[in-house]
>>> print(open('structure-v5.txt').read())   # compact mmCIF, C-alpha atoms
# COMPACT_ATOMS: atom_id res chain seq x y z
CA MET A 1 6.67 -0.40 -19.29
CA ASP A 2 9.15 -2.00 -16.90
CA SER A 3 6.44 -2.60 -14.34
CA ASP A 4 4.33 -4.12 -17.12
CA GLY A 5 7.18 -6.51 -17.85
CA GLU A 6 7.50 -7.57 -14.25
CA LEU A 7 3.74 -7.96 -13.90
CA ALA A 8 3.57 -9.95 -17.14
CA GLU A 9 6.24 -12.31 -15.88
CA ARG A 10 4.38 -12.96 -12.65
CA LEU A 11 1.13 -13.42 -14.55
CA ARG A 12 2.77 -15.98 -16.83
CA ASP A 13 4.05 -17.80 -13.76
CA GLY A 14 0.46 -18.13 -12.60
CA ASP A 15 0.61 -15.61 -9.76
CA GLU A 16 -3.00 -14.64 -8.99
CA LYS A 17 -1.80 -11.59 -7.07
CA ALA A 18 -0.39 -10.21 -10.32
CA LEU A 19 -3.86 -10.39 -11.82
CA ARG A 20 -5.22 -8.53 -8.82
CA GLU A 21 -2.58 -5.83 -9.35
CA ALA A 22 -3.48 -5.53 -13.02
CA TYR A 23 -7.10 -5.24 -11.95
CA ASP A 24 -6.32 -2.56 -9.37
CA GLN A 25 -4.37 -0.59 -11.96
CA HIS A 26 -6.65 -1.01 -14.95
CA GLY A 27 -10.05 -2.31 -13.77
CA ALA A 28 -11.61 1.16 -13.71
CA THR A 29 -10.36 1.90 -17.23
CA VAL A 30 -11.68 -1.40 -18.60
CA PHE A 31 -14.99 -0.76 -16.83
CA TYR A 32 -15.18 2.73 -18.35
CA LEU A 33 -14.66 1.34 -21.86
CA ALA A 34 -17.28 -1.36 -21.31
CA GLN A 35 -19.82 1.17 -20.05
CA ARG A 36 -19.22 3.47 -22.98
CA VAL A 37 -19.53 0.68 -25.52
CA LEU A 38 -22.47 -1.13 -23.95
CA GLY A 39 -24.36 1.77 -22.43
CA ASN A 40 -25.42 -0.11 -19.34
CA ARG A 41 -23.77 -0.89 -16.08
CA ALA A 42 -24.78 -4.50 -15.53
CA ASP A 43 -23.41 -5.61 -18.92
CA ALA A 44 -20.30 -3.50 -18.33
CA GLU A 45 -19.68 -5.31 -15.04
CA ASP A 46 -20.01 -8.66 -16.80
CA VAL A 47 -17.66 -7.65 -19.57
CA THR A 48 -15.10 -6.32 -17.09
CA GLN A 49 -15.24 -9.66 -15.31
CA LEU A 50 -14.96 -11.63 -18.56
CA THR A 51 -12.02 -9.49 -19.64
CA PHE A 52 -9.91 -10.26 -16.60
CA VAL A 53 -10.84 -13.94 -16.63
CA ALA A 54 -9.82 -14.05 -20.32
CA ALA A 55 -6.64 -12.16 -19.48
CA TRP A 56 -5.85 -14.85 -16.92
CA THR A 57 -6.51 -17.79 -19.21
CA GLY A 58 -4.77 -16.05 -22.12
CA ARG A 59 -1.91 -14.63 -20.07
CA ALA A 60 0.73 -16.43 -22.15
CA GLY A 61 -0.36 -14.26 -25.08
CA PHE A 62 0.65 -10.95 -23.56
CA ASP A 63 4.01 -9.71 -24.80
CA PRO A 64 5.19 -6.51 -23.09
CA GLN A 65 7.59 -5.95 -25.99
CA ARG A 66 4.65 -5.35 -28.31
CA GLY A 67 2.63 -2.92 -26.25
CA THR A 68 1.35 -2.10 -22.80
CA MET A 69 -0.73 -4.21 -20.46
CA LEU A 70 -3.51 -1.62 -20.59
CA GLY A 71 -3.55 -1.74 -24.40
CA TRP A 72 -3.77 -5.53 -24.27
CA LEU A 73 -6.60 -5.52 -21.71
CA LEU A 74 -8.57 -2.90 -23.64
CA GLY A 75 -8.20 -4.98 -26.80
CA ILE A 76 -9.73 -7.99 -24.98
CA ALA A 77 -12.45 -5.83 -23.43
CA LYS A 78 -13.40 -4.39 -26.80
CA ARG A 79 -13.85 -7.87 -28.31
CA LYS A 80 -15.93 -9.00 -25.33
CA ALA A 81 -18.08 -5.87 -25.43
CA VAL A 82 -18.66 -6.11 -29.17
CA ASP A 83 -19.59 -9.80 -28.79
CA ARG A 84 -22.05 -8.81 -26.09
CA LEU A 85 -23.59 -6.13 -28.32
CA ARG A 86 -23.96 -8.62 -31.16
CA SER A 87 -25.61 -11.24 -29.01
CA ALA A 88 -27.91 -8.60 -27.53
CA ALA A 89 -28.89 -7.55 -31.05
CA ARG A 90 -29.51 -11.23 -31.91
CA ASP A 91 -31.66 -11.67 -28.82
CA ARG A 92 -33.69 -8.65 -29.80
CA ARG A 93 -34.23 -9.98 -33.30
CA VAL A 94 -35.31 -13.32 -31.88
CA ALA A 95 -37.74 -11.65 -29.53
CA GLU A 96 -38.78 -9.22 -32.26
CA THR A 97 -38.97 -6.48 -29.75
CA VAL A 98 -36.88 -3.48 -29.10
CA SER A 99 -36.15 -2.89 -25.48
CA ALA A 100 -37.36 0.58 -24.63
CA GLN A 101 -35.71 0.76 -21.22
CA ALA A 102 -32.15 -0.05 -22.20
CA PRO A 103 -30.26 3.17 -22.84
CA ALA A 104 -28.86 3.20 -26.37
CA PRO A 105 -25.16 2.46 -26.48
CA ASP A 106 -23.01 5.40 -27.41
CA GLU A 107 -23.04 4.99 -31.17
CA THR A 108 -21.42 8.28 -31.94
CA GLU A 109 -18.00 7.17 -30.73
CA PRO A 110 -16.57 3.86 -31.98
CA PRO A 111 -14.85 1.61 -29.40
CA GLU A 112 -11.51 2.10 -31.14
CA ARG A 113 -11.66 5.81 -30.53
CA ILE A 114 -12.59 5.37 -26.87
CA ILE A 115 -9.57 3.09 -26.52
CA ASP A 116 -7.36 5.69 -28.19
CA ARG A 117 -8.51 8.28 -25.69
CA LEU A 118 -7.81 5.94 -22.78
CA ILE A 119 -4.36 5.03 -24.08
CA ILE A 120 -3.46 8.70 -24.50
CA ALA A 121 -4.83 9.50 -21.03
CA ASP A 122 -2.75 6.66 -19.59
CA GLU A 123 0.40 7.83 -21.33
CA LEU A 124 -0.28 11.38 -20.17
CA SER A 125 -0.43 10.13 -16.59
CA ARG A 126 2.96 8.44 -17.03
CA LEU A 127 4.80 11.50 -18.32
CA PRO A 128 7.20 13.33 -16.00
CA ALA A 129 5.17 15.74 -13.85
CA GLU A 130 6.25 18.97 -15.53
CA GLN A 131 5.69 17.59 -19.03
CA ARG A 132 2.29 16.33 -18.01
CA ARG A 133 1.28 19.63 -16.44
CA THR A 134 2.40 21.57 -19.51
CA LEU A 135 0.40 19.36 -21.87
CA GLU A 136 -2.67 19.48 -19.62
CA LEU A 137 -2.62 23.25 -19.68
CA ALA A 138 -2.38 23.16 -23.45
CA PHE A 139 -5.11 20.48 -23.81
CA PHE A 140 -7.66 21.27 -21.16
CA ASP A 141 -7.22 24.97 -20.63
CA ASP A 142 -6.38 25.69 -24.24
CA LEU A 143 -3.58 28.04 -23.23
CA THR A 144 -1.01 29.36 -25.70
CA HIS A 145 2.61 28.54 -25.04
CA PRO A 146 3.49 32.01 -23.65
CA GLN A 147 0.43 31.76 -21.36
CA ILE A 148 1.62 28.36 -20.13
CA ALA A 149 5.04 29.86 -19.45
CA ALA A 150 3.37 32.63 -17.44
CA VAL A 151 1.17 30.23 -15.45
CA THR A 152 3.91 27.73 -14.64
CA GLY A 153 6.80 30.13 -14.29
CA LEU A 154 8.82 27.98 -16.72
CA PRO A 155 10.90 29.62 -19.46
CA LEU A 156 9.12 29.59 -22.83
CA GLY A 157 11.87 27.38 -24.28
CA THR A 158 11.24 24.78 -21.58
CA VAL A 159 7.50 24.87 -22.19
CA LYS A 160 8.06 24.22 -25.87
CA SER A 161 10.47 21.40 -25.24
CA HIS A 162 7.99 19.76 -22.80
CA ILE A 163 5.31 20.01 -25.44
CA ARG A 164 7.53 18.54 -28.15
CA ARG A 165 8.67 15.64 -25.99
CA GLY A 166 5.30 15.03 -24.46
CA MET A 167 3.56 15.01 -27.83
CA ALA A 168 6.19 12.67 -29.25
CA ASN A 169 5.61 10.27 -26.35
CA LEU A 170 1.83 10.36 -26.71
CA ARG A 171 2.03 9.79 -30.44
CA ARG A 172 4.47 6.91 -30.11
CA ARG A 173 2.31 5.20 -27.50
CA TRP A 174 -0.81 5.73 -29.61
CA GLU A 175 0.85 4.13 -32.61
CA VAL A 176 2.45 1.25 -30.69
CA ASP A 177 -0.63 0.18 -28.72
CA GLY A 178 -2.99 0.78 -31.62
CA ALA A 179 -0.94 -1.45 -33.87
CA ALA A 180 -0.10 -4.12 -31.31
CA PHE A 181 -3.39 -5.44 -30.06
CA GLY A 182 -5.80 -4.72 -32.86
CA SER A 183 -7.56 -2.17 -30.74
CA ARG A 184 -7.69 0.15 -33.71
CA SER A 185 -9.41 -0.60 -37.00
CA ALA A 186 -7.08 -0.86 -39.96
CA GLY A 187 -8.68 2.08 -41.75
CA ALA A 188 -7.90 4.47 -38.96
CA SER A 189 -4.25 3.49 -38.71
CA ARG A 190 -1.90 6.39 -39.21
CA ALA A 191 1.13 4.20 -39.80
CA ARG A 192 2.82 5.06 -43.06
CA MET B 1 12.20 19.92 -50.67
CA ARG B 2 12.90 20.99 -47.09
CA HIS B 3 10.41 19.34 -44.72
CA LEU B 4 9.05 20.86 -41.57
CA ASP B 5 10.96 20.01 -38.43
CA PRO B 6 9.10 17.30 -36.45
CA ASP B 7 9.55 19.33 -33.27
CA ARG B 8 7.96 22.31 -34.94
CA LEU B 9 5.01 20.16 -36.03
CA ALA B 10 4.24 19.25 -32.41
CA LEU B 11 3.97 22.94 -31.56
CA LEU B 12 1.83 23.64 -34.62
CA ALA B 13 -0.53 20.85 -33.59
CA LEU B 14 -1.17 22.73 -30.35
CA ALA B 15 -2.39 26.13 -31.40
CA GLU B 16 0.87 27.69 -32.50
CA PRO B 17 0.18 29.75 -35.68
CA LEU B 18 1.67 28.74 -39.04
CA ASP B 19 3.99 31.13 -40.82
CA SER B 20 3.67 31.59 -44.57
CA PHE B 21 6.51 29.19 -45.45
CA GLU B 22 4.93 26.48 -43.31
CA ALA B 23 1.47 27.03 -44.73
CA GLY B 24 2.88 26.86 -48.26
CA HIS B 25 4.85 23.70 -47.52
CA LEU B 26 1.93 21.92 -45.92
CA ALA B 27 -0.23 22.66 -48.94
CA GLU B 28 2.32 20.80 -51.09
CA CYS B 29 3.65 18.02 -48.87
CA PRO B 30 1.37 15.08 -48.00
CA GLY B 31 3.99 13.62 -45.62
CA CYS B 32 4.18 16.68 -43.37
CA ARG B 33 0.42 17.13 -43.61
CA HIS B 34 -0.06 13.56 -42.47
CA ASP B 35 2.27 14.08 -39.52
CA LEU B 36 0.52 17.27 -38.50
CA ASP B 37 -2.89 15.58 -38.77
CA ALA B 38 -1.69 12.70 -36.60
CA LEU B 39 -0.37 15.08 -33.95
CA ARG B 40 -3.55 17.14 -34.02
CA HIS B 41 -5.57 13.98 -33.62
CA VAL B 42 -3.46 12.96 -30.61
CA ALA B 43 -3.94 16.43 -29.11
CA GLU B 44 -7.69 16.19 -29.66
CA LEU B 45 -7.84 12.76 -27.99
CA GLY B 46 -5.72 14.09 -25.14
CA ALA B 47 -8.01 17.05 -24.63
CA GLU B 48 -11.08 14.79 -24.36
CA GLY B 49 -9.65 12.78 -21.49
CA PRO B 50 -10.85 11.19 -19.28
CA ASP B 51 -8.59 11.61 -16.26
CA LEU B 52 -7.87 7.95 -15.45
CA ASP B 53 -7.18 8.70 -11.80
CA ARG B 54 -10.77 9.77 -11.35
CA LEU B 55 -12.57 6.87 -13.00
CA PRO B 56 -14.73 4.97 -10.51
CA ALA B 57 -13.60 1.42 -9.78
CA PRO B 58 -16.02 -1.38 -10.66
CA PRO B 59 -18.07 -2.64 -7.69
CA ALA B 60 -16.51 -5.31 -5.46
CA ARG B 61 -18.70 -8.07 -6.92
CA VAL B 62 -16.80 -7.83 -10.22
CA TRP B 63 -13.55 -8.93 -8.63
CA GLU B 64 -15.38 -11.57 -6.61
CA GLY B 65 -16.73 -12.97 -9.87
CA ILE B 66 -13.25 -13.03 -11.37
CA GLU B 67 -11.83 -14.80 -8.36
CA ALA B 68 -14.61 -17.37 -8.39
CA ALA B 69 -13.93 -18.07 -12.07
CA LEU B 70 -10.20 -18.58 -11.43
CA ASP B 71 -10.79 -21.04 -8.65
CA PRO B 72 -10.34 -24.54 -10.11
CA PRO B 73 -13.50 -26.61 -9.53
CA GLU B 74 -11.74 -29.45 -7.73
CA ARG B 75 -10.27 -27.01 -5.23
CA ARG B 76 -13.65 -25.44 -4.69
CA GLY B 77 -15.08 -28.93 -4.27
CA ARG B 78 -12.63 -29.78 -1.56
CA ARG B 79 -13.21 -26.49 0.09
CA SER B 80 -16.94 -26.96 0.09
CA HIS B 81 -16.56 -30.34 1.82
CA TRP B 82 -14.42 -28.66 4.36
CA LEU B 83 -16.92 -25.81 4.60
CA LEU B 84 -19.74 -28.27 5.11
CA ALA B 85 -17.85 -29.90 7.94
CA ALA B 86 -17.07 -26.50 9.43
CA ALA B 87 -20.68 -25.45 9.00
CA ALA B 88 -21.81 -28.56 10.79
CA VAL B 89 -19.54 -27.71 13.69
CA VAL B 90 -20.92 -24.15 13.72
CA VAL B 91 -24.48 -25.47 13.65
CA LEU B 92 -23.74 -27.75 16.56
CA ALA B 93 -22.02 -24.95 18.42
CA VAL B 94 -24.86 -22.55 17.70
CA ALA B 95 -27.40 -25.15 18.71
CA GLY B 96 -25.48 -25.63 21.94
CA THR B 97 -25.30 -21.88 22.49
CA VAL B 98 -28.98 -21.46 21.71
CA VAL B 99 -29.87 -24.09 24.24
CA LEU B 100 -27.57 -22.51 26.78
CA ASN B 101 -28.86 -19.04 26.00
CA ARG B 102 -32.41 -20.22 26.34
CA ILE B 103 -31.48 -21.51 29.72
CA VAL B 104 -29.43 -18.47 30.69
CA ARG B 105 -30.94 -15.44 28.90
CA ALA B 106 -29.59 -13.47 25.86
CA PRO B 107 -30.71 -14.17 22.25
CA ALA B 108 -28.40 -16.20 20.03
CA GLU B 109 -25.91 -14.53 17.75
CA THR B 110 -22.94 -15.91 15.88
CA VAL B 111 -19.74 -13.94 15.80
CA THR B 112 -18.01 -14.63 12.48
CA ALA B 113 -14.93 -12.48 13.06
CA ARG B 114 -13.51 -10.29 15.77
CA ALA B 115 -10.79 -7.69 16.24
CA THR B 116 -9.14 -5.97 19.17
CA LEU B 117 -8.56 -2.30 18.48
CA LYS B 118 -5.35 -0.72 19.68
CA PRO B 119 -4.50 3.00 19.78
CA LEU B 120 -2.11 4.48 17.24
CA ALA B 121 1.09 6.10 18.53
CA THR B 122 -0.36 9.62 18.72
CA VAL B 123 -3.44 8.51 20.67
CA PRO B 124 -3.66 8.14 24.49
CA ALA B 125 -2.64 4.61 25.41
CA ASP B 126 -5.84 3.84 27.31
CA ALA B 127 -7.99 4.19 24.18
CA ASN B 128 -9.10 0.78 22.95
CA GLY B 129 -11.97 -1.15 21.50
CA THR B 130 -13.33 -4.41 20.21
CA VAL B 131 -15.19 -5.31 17.06
CA ARG B 132 -17.40 -8.30 16.49
CA VAL B 133 -18.79 -9.15 13.08
CA LEU B 134 -22.10 -10.95 13.40
CA SER B 135 -23.44 -13.57 11.04
CA GLY B 136 -26.37 -11.31 10.18
CA GLY B 137 -24.02 -8.86 8.43
CA GLU B 138 -23.69 -6.39 11.27
CA MET B 139 -20.66 -5.13 13.07
CA ARG B 140 -20.72 -4.41 16.78
CA VAL B 141 -18.13 -1.79 17.66
CA ASP B 142 -17.29 -1.13 21.27
CA VAL B 143 -14.79 1.67 21.97
CA ARG B 144 -13.40 3.08 25.20
CA ASN B 145 -11.52 6.29 26.06
CA LEU B 146 -11.41 7.73 22.56
CA PRO B 147 -9.99 11.28 22.56
CA LEU B 148 -12.70 13.94 22.28
CA THR B 149 -13.36 15.29 18.81
CA SER B 150 -14.89 18.45 17.45
CA GLY B 151 -15.97 16.33 14.48
CA PHE B 152 -17.01 12.69 14.67
CA HIS B 153 -15.59 9.18 14.80
CA GLU B 154 -15.96 7.03 11.71
CA VAL B 155 -15.49 3.30 11.23
CA TRP B 156 -13.66 1.98 8.14
CA LEU B 157 -12.69 -1.37 6.72
CA ILE B 158 -9.33 -1.20 4.94
CA ASP B 159 -7.56 -3.63 2.63
CA PRO B 160 -4.13 -3.81 4.32
CA ASP B 161 -2.58 -5.03 1.06
CA HIS B 162 -3.82 -1.89 -0.73
CA PRO B 163 -4.22 0.70 2.02
CA THR B 164 -5.86 3.22 -0.31
CA LYS B 165 -8.79 0.81 -0.72
CA MET B 166 -11.28 1.25 2.07
CA ILE B 167 -14.97 1.15 2.83
CA ALA B 168 -16.76 3.58 5.14
CA ILE B 169 -18.99 1.60 7.49
CA GLY B 170 -20.58 4.33 9.60
CA ASN B 171 -20.22 6.81 12.43
CA LEU B 172 -19.99 6.28 16.16
CA THR B 173 -22.27 8.18 18.47
CA ASP B 174 -21.63 9.21 22.06
CA ARG B 175 -22.47 5.75 23.31
CA PRO B 176 -19.52 3.40 23.74
CA ASP B 177 -21.06 0.69 21.58
CA ALA B 178 -22.63 0.86 18.15
CA THR B 179 -24.07 -1.72 15.78
CA LEU B 180 -23.41 -0.87 12.16
CA PRO B 181 -24.49 -2.74 9.04
CA VAL B 182 -21.71 -4.05 6.80
CA PRO B 183 -22.61 -3.44 3.13
CA PRO B 184 -23.54 -6.78 1.53
CA GLY B 185 -20.86 -8.32 -0.67
CA VAL B 186 -17.88 -6.86 1.19
CA ASP B 187 -15.03 -9.37 1.21
CA MET B 188 -14.05 -9.39 4.88
CA ASN B 189 -10.95 -11.45 4.15
CA ARG B 190 -9.70 -8.59 2.04
CA TYR B 191 -11.07 -5.62 3.98
CA ARG B 192 -9.92 -7.02 7.28
CA LEU B 193 -8.30 -4.01 8.90
CA VAL B 194 -10.77 -2.09 11.08
CA ASP B 195 -9.93 1.59 11.48
CA ILE B 196 -11.58 4.24 13.63
CA SER B 197 -10.80 7.76 12.46
CA ASP B 198 -11.38 11.28 13.68
CA GLU B 199 -13.25 13.13 10.93
CA PRO B 200 -13.79 16.88 10.81
CA HIS B 201 -17.16 18.24 9.62
CA ASP B 202 -15.64 19.44 6.36
CA GLY B 203 -18.01 17.82 3.92
CA ASP B 204 -15.19 15.63 2.57
CA ALA B 205 -16.31 12.00 2.59
CA ALA B 206 -12.76 10.66 2.25
CA HIS B 207 -10.74 9.39 5.22
CA SER B 208 -9.18 12.33 7.08
CA GLY B 209 -5.89 10.49 7.46
CA HIS B 210 -6.26 10.82 11.23
CA SER B 211 -6.64 7.26 12.51
CA LEU B 212 -7.18 6.63 16.22
CA LEU B 213 -7.63 2.88 16.63
CA ARG B 214 -6.84 -0.07 14.45
CA GLY B 215 -7.15 -3.83 14.59
CA THR B 216 -7.26 -6.79 12.23
CA LEU B 217 -10.30 -9.03 11.97
CA THR B 218 -9.73 -12.73 12.52
CA SER B 219 -12.31 -15.44 12.38
>>> encode(input="structure-v5.txt", output="structure tokens")
Amino acid sequence: MDSDGELAERLRDGDEKALREAYDQHGATVFYLAQRVLGNRADAEDVTQLTFVAAWTGRAGFDPQRGTMLGWLLGIAKRKAVDRLRSAARDRRVAETVSAQAPAPDETEPPERIIDRLIIADELSRLPAEQRRTLELAFFDDLTHPQIAAVTGLPLGTVKSHIRRGMANLRRRWEVDGAAFGSRSAGASRAR
Amino acid sequence: MRHLDPDRLALLALAEPLDSFEAGHLAECPGCRHDLDALRHVAELGAEGPDLDRLPAPPARVWEGIEAALDPPERRGRRSHWLLAAAAVVVLAVAGTVVLNRIVRAPAETVTARATLKPLATVPADANGTVRVLSGGEMRVDVRNLPLTSGFHEVWLIDPDHPTKMIAIGNLTDRPDATLPVPPGVDMNRYRLVDISDEPHDGDAAHSGHSLLRGTLTS
């Protein structure tokens, strides 16, 4: 989050290089979200472009105290992508045709959930290496805690404490970013 | 009522079995159930990924579009006047060259950027090369005294500000000079560091990390 703060400050000061850094760090993640929501690459490229241009013009609105830069960017990207979907639907109604070639957007997973996955993946990548590795073994390889201890050579107590801390971090980040930038719909909020 | 320890909930969310007290408590306590559900949901999201380090970057034209949109119109206006003037000079120069070439011999070609390649510290000092970028979008690479390789020599364009960002341009053959196409849309102001590497035949398309020559393009 500290690097977010520094980047935010440079962005606010109008430093175009800071935007480039934000793009290098998060462009692929924004692009992934746009592709998943829109279901086609050309629109996803446009939306990625629009997102960073909007981030630049709206840079005064980013507050690193409220959430992360990635959460903020994904919130913008979601709005742009949803706008694009709506205008595409309008165009189709006007033309009274349904485009057969365009692959259907992924309707099974709402944008908010894709964002949640990306936020969790980002937080996972920021965890201390051992914590991250422990959680990955639990998530991806579906190992039990004693199995993780055997694979990593860590004492079982350490494995459990990595899992507790790591999960607490992921959950906190999920709640903070979800609440901060309206990336999550109100109904899905887990805040008490 | 004694609630479940938050630390314990994190473990329960990840496959650890419930004991009978815990199962009984969860059946009664909406608060603990809510916490466990939230943690399970986080674990489920975590398990689905993706791995952010492996997501492909958007194509270069996306950033070019962003940059173009940031550029204030008046600045672009000024620049285009300047560009026009510069273009006029180039046209005159080219015209002059064409006339000269007609008189002398070779066909006309405009060099838009060039670089002198110098050997890296681990490479014999007599290895060297030159690169000329031609207006038609080709790169003429001329190398001398490269150390022999059991693999092949590959040409890269690297962004010196972000050295992990690079574009593979093509391979060199046994001949000292090669003409390689530059992919359209590559920003040569950004990818201005030319790098010749020694690549093993290992099926790995990434840079081997073994650079032989380098030089920066200037126009």
>>> residues_around(input="structure-v5.txt", residues="Thr68 (chain A)", least_positions_apart="2", cutoff="9 Å", atoms="only C-alpha atoms", output="list in words")
Met1, Asp4, Gly5, Phe62, Asp63, Pro64, Gln65, Arg66, Leu70, Gly71, Trp72, Leu73, Arg173, Val176, Asp177 and Ala180 of chain A
>>> closest_residue(input="structure-v5.txt", among="A:Pro128, A:Phe140, A:Ile115, A:Asp83", to="Tyr32 (chain A)", atoms="all atoms listed in the file")
A:Ile115
>>> closest_residue(input="structure-v5.txt", among="B:Ala121, B:Leu36, B:Pro183, B:Arg214", to="Leu11 (chain B)", atoms="all atoms listed in the file")
B:Leu36
>>> interface_residues(input="structure-v5.txt", of="chain A", to="chain B", cutoff="6 Å", atoms="only C-alpha atoms", output="ChimeraX atom specification")
/A:28,49,53,117,120-121,139-140,164
>>> write_last_selection(input="structure-v5.txt", atoms="C-alpha atoms", output="short mmCIF file (atom, residue, chain, number, x, y, z; two decimals), keeping the file's coordinate frame")
data_model
loop_
_atom_site.label_atom_id
_atom_site.label_comp_id
_atom_site.auth_asym_id
_atom_site.auth_seq_id
_atom_site.Cartn_x
_atom_site.Cartn_y
_atom_site.Cartn_z
CA ALA A 28 -11.61 1.16 -13.71
CA GLN A 49 -15.24 -9.66 -15.31
CA VAL A 53 -10.84 -13.94 -16.63
CA ARG A 117 -8.51 8.28 -25.69
CA ILE A 120 -3.46 8.70 -24.50
CA ALA A 121 -4.83 9.50 -21.03
CA PHE A 139 -5.11 20.48 -23.81
CA PHE A 140 -7.66 21.27 -21.16
CA ARG A 164 7.53 18.54 -28.15
#
>>> closest_residue(input="structure-v5.txt", among="A:Gly67, A:Pro111, A:Pro146, A:Gly157", to="Arg172 (chain A)", atoms="only C-alpha atoms")
A:Gly67
>>> residues_around(input="structure-v5.txt", residues="Asp202 (chain B)", least_positions_apart="5", cutoff="12 Å", atoms="all atoms listed in the file", output="list in words")
Ser150, Gly151, Phe152, His207 and Ser208 of chain B
>>> residues_around(input="structure-v5.txt", residues="Leu134 (chain B)", least_positions_apart="6", cutoff="10 Å", atoms="only C-alpha atoms", output="MDAnalysis selection string")
chainID B and resid 109:114 140 179 181:182
